[in-house]
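So this block is work_31.csv, CSV, C-alpha atoms:
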```
chain,number,residue,atom,x,y,z
A,1,MET,CA,-174.4,-90.2,-5.1
A,2,LYS,CA,-175.9,-89.6,-8.5
A,3,ASP,CA,-176.9,-92.6,-10.4
A,4,LEU,CA,-176.4,-93.1,-14.1
A,5,LYS,CA,-179.9,-91.9,-15.1
A,6,GLN,CA,-179.5,-88.6,-13.2
A,7,GLN,CA,-176.1,-88.0,-14.8
A,8,LEU,CA,-177.5,-88.5,-18.3
A,9,LEU,CA,-180.3,-86.1,-17.5
A,10,ASP,CA,-177.9,-83.5,-16.2
A,11,GLY,CA,-175.7,-83.8,-19.2
A,12,ASP,CA,-178.6,-83.5,-21.8
A,13,PRO,CA,-178.0,-80.2,-23.8
A,14,LEU,CA,-181.6,-80.1,-25.0
A,15,ALA,CA,-182.8,-79.7,-21.5
A,16,ARG,CA,-181.0,-76.4,-21.3
A,17,GLU,CA,-182.3,-75.1,-24.6
A,18,GLY,CA,-185.4,-73.0,-24.7
A,19,GLY,CA,-188.5,-73.9,-26.8
A,20,TRP,CA,-189.2,-72.7,-30.3
A,21,ASN,CA,-190.3,-69.2,-30.7
A,22,ALA,CA,-193.7,-68.5,-32.3
A,23,PHE,CA,-192.3,-67.6,-35.7
A,24,ASP,CA,-190.4,-70.9,-36.1
A,25,ALA,CA,-193.2,-72.9,-34.9
A,26,GLN,CA,-195.6,-71.2,-37.3
A,27,ARG,CA,-193.2,-71.7,-40.2
A,28,ILE,CA,-192.8,-75.3,-39.6
A,29,ARG,CA,-196.5,-75.8,-39.2
A,30,HIS,CA,-197.1,-74.1,-42.6
A,31,ARG,CA,-194.6,-76.3,-44.2
A,32,ILE,CA,-196.1,-79.5,-42.8
A,33,MET,CA,-199.6,-78.4,-43.9
A,34,ALA,CA,-198.6,-77.4,-47.4
A,35,GLU,CA,-196.5,-80.5,-48.2
A,36,PRO,CA,-199.4,-82.9,-49.0
A,37,ARG,CA,-200.9,-80.5,-51.4
A,38,THR,CA,-197.7,-80.0,-53.4
A,39,ALA,CA,-196.4,-83.5,-53.3
A,40,PRO,CA,-198.4,-85.1,-56.2
A,41,ALA,CA,-197.5,-82.3,-58.5
A,42,ASN,CA,-193.8,-82.6,-57.8
A,43,GLY,CA,-193.6,-86.4,-57.4
A,44,ARG,CA,-193.3,-89.0,-60.2
A,45,SER,CA,-196.5,-91.0,-61.0
A,46,TRP,CA,-196.4,-94.7,-61.9
A,47,TRP,CA,-198.2,-93.8,-65.1
A,48,PRO,CA,-195.5,-93.6,-67.9
A,49,GLY,CA,-197.6,-91.4,-70.1
A,50,PRO,CA,-199.8,-92.2,-73.2
A,51,PHE,CA,-197.1,-91.5,-75.7
A,52,ALA,CA,-194.8,-94.0,-74.1
A,53,VAL,CA,-197.5,-96.6,-74.0
A,54,ALA,CA,-198.4,-95.9,-77.6
A,55,GLY,CA,-194.8,-96.1,-78.7
A,56,ALA,CA,-194.3,-99.4,-76.8
A,57,LEU,CA,-197.4,-100.8,-78.5
A,58,ALA,CA,-196.2,-99.8,-81.9
A,59,VAL,CA,-192.8,-101.4,-81.3
A,60,CYS,CA,-194.4,-104.6,-80.1
A,61,MET,CA,-196.7,-104.7,-83.2
A,62,PHE,CA,-193.8,-104.1,-85.5
A,63,LEU,CA,-191.7,-106.8,-83.9
A,64,ALA,CA,-194.7,-109.2,-84.1
A,65,ILE,CA,-195.1,-108.6,-87.8
A,66,VAL,CA,-191.4,-108.9,-88.6
A,67,ILE,CA,-191.0,-112.1,-86.5
A,68,GLY,CA,-194.2,-113.6,-88.0
A,69,THR,CA,-193.1,-112.9,-91.5
A,70,ARG,CA,-189.7,-114.3,-90.8
A,71,LEU,CA,-191.1,-117.5,-89.4
A,72,ASN,CA,-193.4,-117.8,-92.4
A,73,MET,CA,-190.4,-117.4,-94.7
A,74,ILE,CA,-188.4,-120.0,-92.8
A,75,GLU,CA,-191.4,-122.4,-93.0
A,76,HIS,CA,-192.2,-121.9,-96.6
A,77,GLY,CA,-189.2,-120.3,-98.2
A,78,ALA,CA,-187.2,-123.3,-99.2
A,79,PRO,CA,-188.5,-125.7,-101.9
A,80,ARG,CA,-190.3,-128.6,-100.3
A,81,PRO,CA,-190.2,-132.1,-101.6
A,82,PRO,CA,-193.5,-133.2,-103.1
A,83,ALA,CA,-195.7,-134.7,-100.5
A,84,VAL,CA,-197.0,-137.7,-102.3
A,85,GLU,CA,-194.0,-139.4,-103.8
A,86,PRO,CA,-191.0,-138.3,-101.9
A,87,ALA,CA,-189.0,-141.4,-102.8
A,88,THR,CA,-189.6,-141.1,-106.6
A,89,THR,CA,-189.6,-137.3,-107.2
A,90,ARG,CA,-187.0,-134.7,-106.9
A,91,GLN,CA,-187.3,-130.9,-107.2
A,92,MET,CA,-184.7,-128.3,-108.1
A,93,GLN,CA,-184.7,-124.6,-108.7
A,94,PHE,CA,-182.2,-122.5,-110.7
A,95,ALA,CA,-182.1,-119.3,-112.5
A,96,THR,CA,-181.0,-118.4,-116.0
A,97,ALA,CA,-178.6,-115.7,-116.9
A,98,GLY,CA,-181.5,-113.7,-118.2
A,99,GLY,CA,-183.1,-113.9,-114.7
A,100,THR,CA,-185.9,-116.4,-115.5
A,101,ARG,CA,-186.3,-118.9,-112.7
A,102,ILE,CA,-186.9,-122.5,-113.4
A,103,ILE,CA,-188.5,-124.8,-110.9
A,104,TRP,CA,-188.3,-128.4,-112.1
A,105,THR,CA,-189.8,-131.6,-110.7
A,106,PHE,CA,-188.3,-134.9,-111.8
A,107,HIS,CA,-190.4,-138.1,-111.6
A,108,GLN,CA,-188.9,-141.5,-111.7
A,109,ASP,CA,-191.3,-143.0,-114.2
A,110,LEU,CA,-193.2,-140.2,-115.8
A,111,GLU,CA,-194.4,-141.0,-119.3
A,112,LEU,CA,-196.1,-138.2,-121.3
B,113,MET,CA,-212.7,-90.0,-67.4
B,114,SER,CA,-209.5,-88.4,-66.4
B,115,LYS,CA,-207.4,-86.3,-68.8
B,116,ARG,CA,-204.7,-89.0,-69.1
B,117,MET,CA,-207.2,-91.6,-69.8
B,118,ARG,CA,-208.8,-89.5,-72.6
B,119,ILE,CA,-205.4,-88.9,-74.1
B,120,PHE,CA,-204.6,-92.6,-74.0
B,121,VAL,CA,-207.9,-93.5,-75.7
B,122,VAL,CA,-207.3,-90.9,-78.4
B,123,VAL,CA,-203.8,-92.0,-79.1
B,124,SER,CA,-204.7,-95.7,-79.1
B,125,ALA,CA,-207.6,-95.0,-81.5
B,126,ALA,CA,-205.3,-93.0,-83.8
B,127,LEU,CA,-202.7,-95.8,-83.8
B,128,ALA,CA,-205.3,-98.5,-84.5
B,129,SER,CA,-206.6,-96.4,-87.4
B,130,VAL,CA,-203.2,-96.0,-88.9
B,131,LEU,CA,-202.5,-99.8,-88.6
B,132,LEU,CA,-205.8,-100.7,-90.1
B,133,CYS,CA,-205.4,-98.3,-93.0
B,134,THR,CA,-201.9,-99.7,-93.6
B,135,ALA,CA,-203.1,-103.2,-93.5
B,136,GLY,CA,-206.0,-102.4,-95.8
B,137,ALA,CA,-203.7,-100.7,-98.3
B,138,VAL,CA,-201.4,-103.7,-98.3
B,139,ALA,CA,-204.3,-106.1,-98.6
B,140,GLN,CA,-205.4,-104.4,-101.8
B,141,THR,CA,-203.5,-106.8,-103.9
B,142,ARG,CA,-201.4,-105.5,-106.7
B,143,ASN,CA,-201.6,-108.9,-108.3
B,144,ASN,CA,-204.2,-109.1,-111.0
B,145,GLY,CA,-204.1,-112.9,-111.5
B,146,PHE,CA,-202.0,-115.4,-113.2
B,147,SER,CA,-201.4,-116.3,-116.8
B,148,VAL,CA,-200.8,-120.1,-117.2
B,149,VAL,CA,-199.4,-121.4,-120.4
B,150,LEU,CA,-199.0,-125.2,-120.6
B,151,LEU,CA,-196.5,-126.4,-123.1
B,152,LEU,CA,-195.2,-129.8,-124.2
B,153,GLY,CA,-191.5,-129.7,-124.6
B,154,GLU,CA,-190.0,-132.3,-127.0
B,155,THR,CA,-186.5,-133.3,-127.8
B,156,GLN,CA,-187.6,-134.0,-131.4
B,157,GLY,CA,-189.4,-131.5,-133.5
B,158,GLY,CA,-189.4,-128.3,-135.4
B,159,THR,CA,-189.4,-124.7,-134.5
B,160,ALA,CA,-189.7,-123.7,-130.9
B,161,GLY,CA,-192.7,-122.0,-129.4
B,162,ASP,CA,-195.3,-122.5,-132.1
B,163,GLY,CA,-198.5,-120.8,-131.1
B,164,LEU,CA,-197.1,-119.0,-128.1
B,165,PRO,CA,-199.0,-116.1,-126.7
B,166,PRO,CA,-197.5,-112.8,-127.9
B,167,ALA,CA,-196.7,-111.5,-124.4
B,168,PRO,CA,-193.0,-110.5,-124.4
B,169,GLY,CA,-192.5,-111.8,-120.9
B,170,VAL,CA,-193.5,-115.3,-122.0
B,171,ARG,CA,-191.3,-115.3,-125.1
B,172,LYS,CA,-188.3,-113.9,-123.1
B,173,ALA,CA,-188.8,-116.7,-120.4
B,174,LEU,CA,-188.9,-119.4,-123.1
B,175,ALA,CA,-185.8,-117.9,-124.8
B,176,ASP,CA,-184.0,-117.8,-121.5
B,177,VAL,CA,-184.7,-121.5,-120.7
B,178,LYS,CA,-183.8,-122.9,-124.1
B,179,ASP,CA,-180.2,-123.5,-123.1
B,180,PHE,CA,-181.2,-125.0,-119.8
B,181,LEU,CA,-183.8,-127.5,-120.9
B,182,PRO,CA,-183.1,-130.3,-123.4
B,183,TYR,CA,-186.2,-129.7,-125.6
B,184,ARG,CA,-185.9,-128.4,-129.1
B,185,SER,CA,-189.6,-127.6,-129.7
B,186,TYR,CA,-192.4,-126.4,-127.6
B,187,LYS,CA,-196.1,-127.0,-128.4
B,188,VAL,CA,-198.8,-125.0,-126.7
B,189,LEU,CA,-201.3,-127.4,-125.1
B,190,ASP,CA,-203.5,-124.9,-123.3
B,191,THR,CA,-203.5,-121.3,-122.1
B,192,GLN,CA,-205.6,-119.9,-119.2
B,193,TRP,CA,-205.8,-116.9,-117.0
B,194,LEU,CA,-207.1,-117.1,-113.5
B,195,ARG,CA,-207.1,-114.7,-110.6
B,196,SER,CA,-206.5,-117.4,-108.0
B,197,GLY,CA,-207.7,-121.0,-107.4
B,198,SER,CA,-208.1,-124.0,-109.6
B,199,THR,CA,-208.6,-124.6,-113.3
B,200,ARG,CA,-208.5,-127.6,-115.7
B,201,MET,CA,-206.2,-127.6,-118.6
B,202,LYS,CA,-206.0,-129.8,-121.6
B,203,GLY,CA,-202.9,-131.9,-122.2
B,204,LEU,CA,-201.7,-134.4,-124.7
B,205,ASP,CA,-203.8,-137.3,-125.9
B,206,GLU,CA,-207.0,-136.2,-124.0
B,207,GLN,CA,-205.1,-136.1,-120.8
B,208,GLU,CA,-206.3,-133.3,-118.5
B,209,TYR,CA,-204.6,-131.6,-115.7
B,210,ASP,CA,-205.9,-129.8,-112.6
B,211,VAL,CA,-203.9,-126.7,-112.0
B,212,ASP,CA,-204.1,-124.8,-108.7
B,213,VAL,CA,-202.4,-121.4,-108.2
B,214,ARG,CA,-202.6,-119.5,-104.9
B,215,GLY,CA,-200.8,-116.2,-104.4
B,216,ASP,CA,-200.5,-114.3,-101.1
B,217,GLU,CA,-198.9,-110.9,-101.1
B,218,ILE,CA,-196.0,-110.5,-98.8
B,219,VAL,CA,-196.3,-107.5,-96.5
B,220,PRO,CA,-193.2,-105.4,-97.0
B,221,ASN,CA,-190.8,-105.6,-94.1
B,222,PRO,CA,-187.1,-105.2,-93.4
B,223,PHE,CA,-186.4,-108.6,-94.8
B,224,HIS,CA,-188.7,-108.1,-97.8
B,225,PRO,CA,-188.6,-104.4,-98.6
B,226,LYS,CA,-189.9,-104.9,-102.2
B,227,GLU,CA,-193.6,-104.2,-102.5
B,228,GLY,CA,-196.0,-106.5,-104.3
B,229,MET,CA,-194.0,-109.7,-103.9
B,230,LEU,CA,-196.1,-112.8,-103.8
B,231,ASN,CA,-195.8,-116.2,-102.1
B,232,VAL,CA,-197.1,-118.5,-104.8
B,233,LEU,CA,-198.3,-122.1,-104.3
B,234,PHE,CA,-198.5,-123.9,-107.6
B,235,LYS,CA,-199.9,-127.4,-108.1
B,236,LEU,CA,-200.4,-129.5,-111.2
B,237,GLN,CA,-201.9,-133.0,-111.2
B,238,GLU,CA,-203.5,-135.4,-113.5
B,239,VAL,CA,-207.2,-135.4,-113.2
B,240,GLY,CA,-208.3,-137.9,-110.6
B,241,ALA,CA,-205.0,-138.0,-108.8
B,242,ALA,CA,-205.0,-139.8,-105.4
B,243,MET,CA,-205.3,-137.5,-102.4
B,244,ASN,CA,-203.0,-139.5,-100.1
B,245,ALA,CA,-200.6,-142.3,-99.9
B,246,SER,CA,-203.1,-145.0,-98.8
B,247,GLU,CA,-205.3,-144.2,-101.7
B,248,GLU,CA,-202.3,-144.4,-104.0
B,249,TYR,CA,-201.5,-147.8,-102.6
B,250,GLY,CA,-205.0,-149.1,-103.3
B,251,ARG,CA,-204.9,-147.7,-106.8
B,252,ALA,CA,-201.5,-149.4,-107.5
B,253,ILE,CA,-203.2,-152.7,-106.7
B,254,GLN,CA,-206.1,-151.9,-109.0
B,255,ALA,CA,-203.7,-150.8,-111.8
B,256,ALA,CA,-201.8,-154.1,-111.5
B,257,GLU,CA,-205.1,-156.0,-111.9
B,258,MET,CA,-206.1,-153.9,-114.9
B,259,GLU,CA,-202.7,-154.5,-116.5
B,260,LYS,CA,-203.2,-158.3,-116.2
B,261,GLN,CA,-206.6,-157.9,-117.9
B,262,ARG,CA,-205.2,-155.8,-120.6
B,263,ALA,CA,-202.3,-158.2,-121.3
B,264,SER,CA,-204.8,-161.0,-121.4
B,265,LEU,CA,-207.0,-159.2,-123.9
B,266,ILE,CA,-204.1,-158.4,-126.1
B,267,ALA,CA,-203.0,-162.0,-126.0
B,268,GLN,CA,-206.5,-163.1,-127.1
B,269,LEU,CA,-206.7,-160.5,-129.9
B,270,PRO,CA,-204.9,-162.6,-132.7
B,271,ASN,CA,-207.4,-165.4,-132.1
B,272,ALA,CA,-210.5,-163.2,-132.2
B,273,GLN,CA,-212.6,-163.1,-135.3
B,274,GLY,CA,-215.3,-160.9,-136.8
B,275,ALA,CA,-217.1,-158.7,-134.4
B,276,MET,CA,-215.0,-160.0,-131.5
B,277,VAL,CA,-212.0,-158.1,-132.8
B,278,GLN,CA,-213.8,-154.7,-132.4
B,279,GLU,CA,-215.2,-155.7,-129.1
B,280,GLN,CA,-211.8,-156.7,-127.8
B,281,LYS,CA,-210.3,-153.4,-129.1
B,282,ALA,CA,-213.0,-151.4,-127.4
B,283,ARG,CA,-212.4,-153.2,-124.1
B,284,ILE,CA,-208.7,-152.5,-124.4
B,285,GLU,CA,-209.5,-148.8,-125.0
B,286,ARG,CA,-211.8,-148.7,-122.0
B,287,LEU,CA,-209.1,-150.3,-119.9
B,288,ASP,CA,-206.5,-147.8,-121.1
B,289,LYS,CA,-208.7,-144.9,-120.0
B,290,GLN,CA,-209.4,-146.5,-116.6
B,291,LEU,CA,-205.7,-147.2,-116.2
B,292,ARG,CA,-204.9,-143.5,-117.0
B,293,LEU,CA,-207.3,-142.4,-114.3
B,294,THR,CA,-206.1,-145.0,-111.8
B,295,ARG,CA,-202.5,-144.0,-112.3
B,296,ALA,CA,-203.3,-140.2,-112.2
B,297,ARG,CA,-200.8,-138.5,-109.9
B,298,LYS,CA,-199.6,-135.2,-108.6
B,299,LEU,CA,-196.9,-133.9,-110.8
B,300,ILE,CA,-195.9,-130.5,-109.4
B,301,ASP,CA,-196.3,-129.1,-106.0
B,302,SER,CA,-194.1,-126.0,-105.6
B,303,LYS,CA,-193.9,-122.9,-103.5
B,304,PHE,CA,-191.9,-119.9,-104.5
B,305,GLU,CA,-191.9,-116.1,-104.6
B,306,MET,CA,-192.8,-114.0,-107.6
B,307,ALA,CA,-192.6,-110.3,-108.4
B,308,PRO,CA,-195.5,-108.6,-110.2
B,309,GLY,CA,-195.1,-109.2,-114.0
B,310,GLU,CA,-192.5,-111.9,-113.5
B,311,THR,CA,-192.7,-115.2,-115.5
B,312,VAL,CA,-191.5,-118.3,-113.8
B,313,VAL,CA,-191.0,-121.6,-115.6
B,314,VAL,CA,-192.4,-124.6,-113.8
B,315,GLY,CA,-192.0,-128.0,-115.3
B,316,THR,CA,-191.8,-131.7,-114.8
B,317,SER,CA,-190.2,-134.6,-116.7
B,318,LYS,CA,-188.8,-138.1,-116.2
B,319,ILE,CA,-185.6,-138.3,-114.2
B,320,GLY,CA,-182.9,-137.9,-116.8
B,321,GLY,CA,-185.0,-135.6,-118.9
B,322,GLY,CA,-186.9,-138.1,-121.1
B,323,ASP,CA,-187.9,-137.0,-124.6
B,324,LYS,CA,-190.9,-135.0,-123.4
B,325,GLY,CA,-191.6,-132.6,-120.6
B,326,LEU,CA,-194.5,-130.6,-119.3
B,327,VAL,CA,-193.5,-126.9,-119.1
B,328,VAL,CA,-195.7,-124.2,-117.5
B,329,LEU,CA,-195.0,-120.6,-118.1
B,330,LEU,CA,-196.6,-118.9,-115.0
B,331,THR,CA,-196.8,-115.1,-115.1
B,332,ALA,CA,-198.0,-113.0,-112.2
B,333,VAL,CA,-200.1,-110.4,-114.0
B,334,ALA,CA,-199.5,-107.1,-112.3
B,335,ALA,CA,-202.2,-104.5,-112.0
B,336,GLY,CA,-202.4,-102.8,-115.4
B,337,GLY,CA,-202.0,-106.1,-117.2
B,338,LYS,CA,-198.2,-106.2,-117.4
```
Just dump the structure as structure tokens.
Amino acid sequence: MKDLKQQLLDGDPLAREGGWNAFDAQRIRHRIMAEPRTAPANGRSWWPGPFAVAGALAVCMFLAIVIGTRLNMIEHGAPRPPAVEPATTRQMQFATAGGTRIIWTFHQDLEL
Amino acid sequence: MSKRMRIFVVVSAALASVLLCTAGAVAQTRNNGFSVVLLLGETQGGTAGDGLPPAPGVRKALADVKDFLPYRSYKVLDTQWLRSGSTRMKGLDEQEYDVDVRGDEIVPNPFHPKEGMLNVLFKLQEVGAAMNASEEYGRAIQAAEMEKQRASLIAQLPNAQGAMVQEQKARIERLDKQLRLTRARKLIDSKFEMAPGETVVVGTSKIGGGDKGLVVLLTAVAAGGK
């Protein structure tokens, strides 16, 4: 009585196939040997390229300048109350029809 | 050095050169300094703008503000030109003012596309003004003490005789000068933007206007003297 192992061996189709012929074996060997030499040229490198890096750098610098300038505007753009006497001075800005801007500071007890 | 590395170095150097040249070009300020005209505006008086500099920008600015400010006449107290920094200007009755003007050019950007715009910091204070609040507090106490002395001297004046009268008057004058220095204060501390050649009117007065006001016509002199 054949055991399971023997039945599997008898049913294996590969066992009945012949080996590779010399031509196929040589072709596959050539392919395997050539692959490492061609792979770097065809594969993608981690390096994104100098132009991409330069472009990213330029974009970063541009954004830094824009954001920095914007923050500066936010910090200094609006008229500030005078530092020394905030309780007794008041400042206002307005523009005339002719385009001249007036920046006026009122003092509570200024005598000239 | 590999080929990629060489390309990277060349591109980086070119980019850095372009940025440096751009920054340098922007840093070459188009502003050629500031013209500062100190005026005394008065609700009483004659013709407006006596002795004003002939610059059309200054005259136009004064004409523009005539309807906005309550003053009928303007007297020129002092005129100066400075590139940037501090100067001392003469005021009324021997009063002097320290004027400080700083202008930083705004680098053109999408929010500020116009070239040559300046961030200007303008300060005007009486000579000897206190630097901080605690110094002001100390001076207020000193001023109160001087006021008492002055009141006492004035009260004694009718009883003084001969040389005493002149001496009392001289002491009162000295006290007045000391009081002026003790009460010196910062009058204007403003920050604003200016275009080259623009004249901005900066001023100060008593709340409610008063009958006098200090008016400064500040002009950012553009390259070429405009």
Would you mind listing, for every residue of chain A within 7 Å of chain B, the two atoms forming the shortest contact and the distance between them in Å to one decimal, using all atoms listed in the file, sorted by chain and ascending residue number, as a tab-separated table?
```
residue	atom	partner	partner_atom	distance
A:Pro50	CA	B:Phe120	CA	4.9
A:Ala54	CA	B:Ser124	CA	6.5
A:Val66	CA	B:Asn221	CA	6.4
A:Gly77	CA	B:Phe304	CA	6.9
A:Pro79	CA	B:Lys303	CA	6.3
A:Pro82	CA	B:Asp301	CA	5.7
A:Val84	CA	B:Ala245	CA	6.3
A:Thr96	CA	B:Asp176	CA	6.3
A:Gly98	CA	B:Asp176	CA	5.8
A:Thr100	CA	B:Ala173	CA	5.7
A:Arg101	CA	B:Val312	CA	5.3
A:Ile102	CA	B:Val313	CA	4.7
A:Ile103	CA	B:Val314	CA	4.9
A:Trp104	CA	B:Gly315	CA	4.9
A:Thr105	CA	B:Thr316	CA	4.6
A:Phe106	CA	B:Ile319	CA	5.0
A:His107	CA	B:Lys318	CA	4.9
A:Gln108	CA	B:Ile319	CA	5.2
A:Asp109	CA	B:Lys318	CA	5.9
A:Leu110	CA	B:Lys318	CA	4.9
A:Leu112	CA	B:Lys324	CA	6.5
```
Exercise. How many Å lie between CA of Val149 in chain B and CA of Thr191 in chain B, rounded to one decimal?
Worked result: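 Separating CA of Val149 in chain B from CA of Thr191 in chain B is a distance of 4.4 Å.
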Problem set entry | Spatial neighbours of Ala296 in chain B, max dist 6 Å, all atoms listed in the file, sep filter under 2 positions, as a PyMOL selection string | chain B and resi 238+240-241+293-294
Exercise. How many Å lie between CA of Ala22 in chain A and CA of Thr38 in chain A, rounded to one decimal?
Worked result: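 Those two atoms sit 24.4 Å apart.
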Problem set entry | Polymer residues at most 12 Å from Leu269 in chain B, all atoms listed in the file, same-chain spacing of 6 or more positions, as a PyMOL selection string | chain B and resi 262-263+275-284
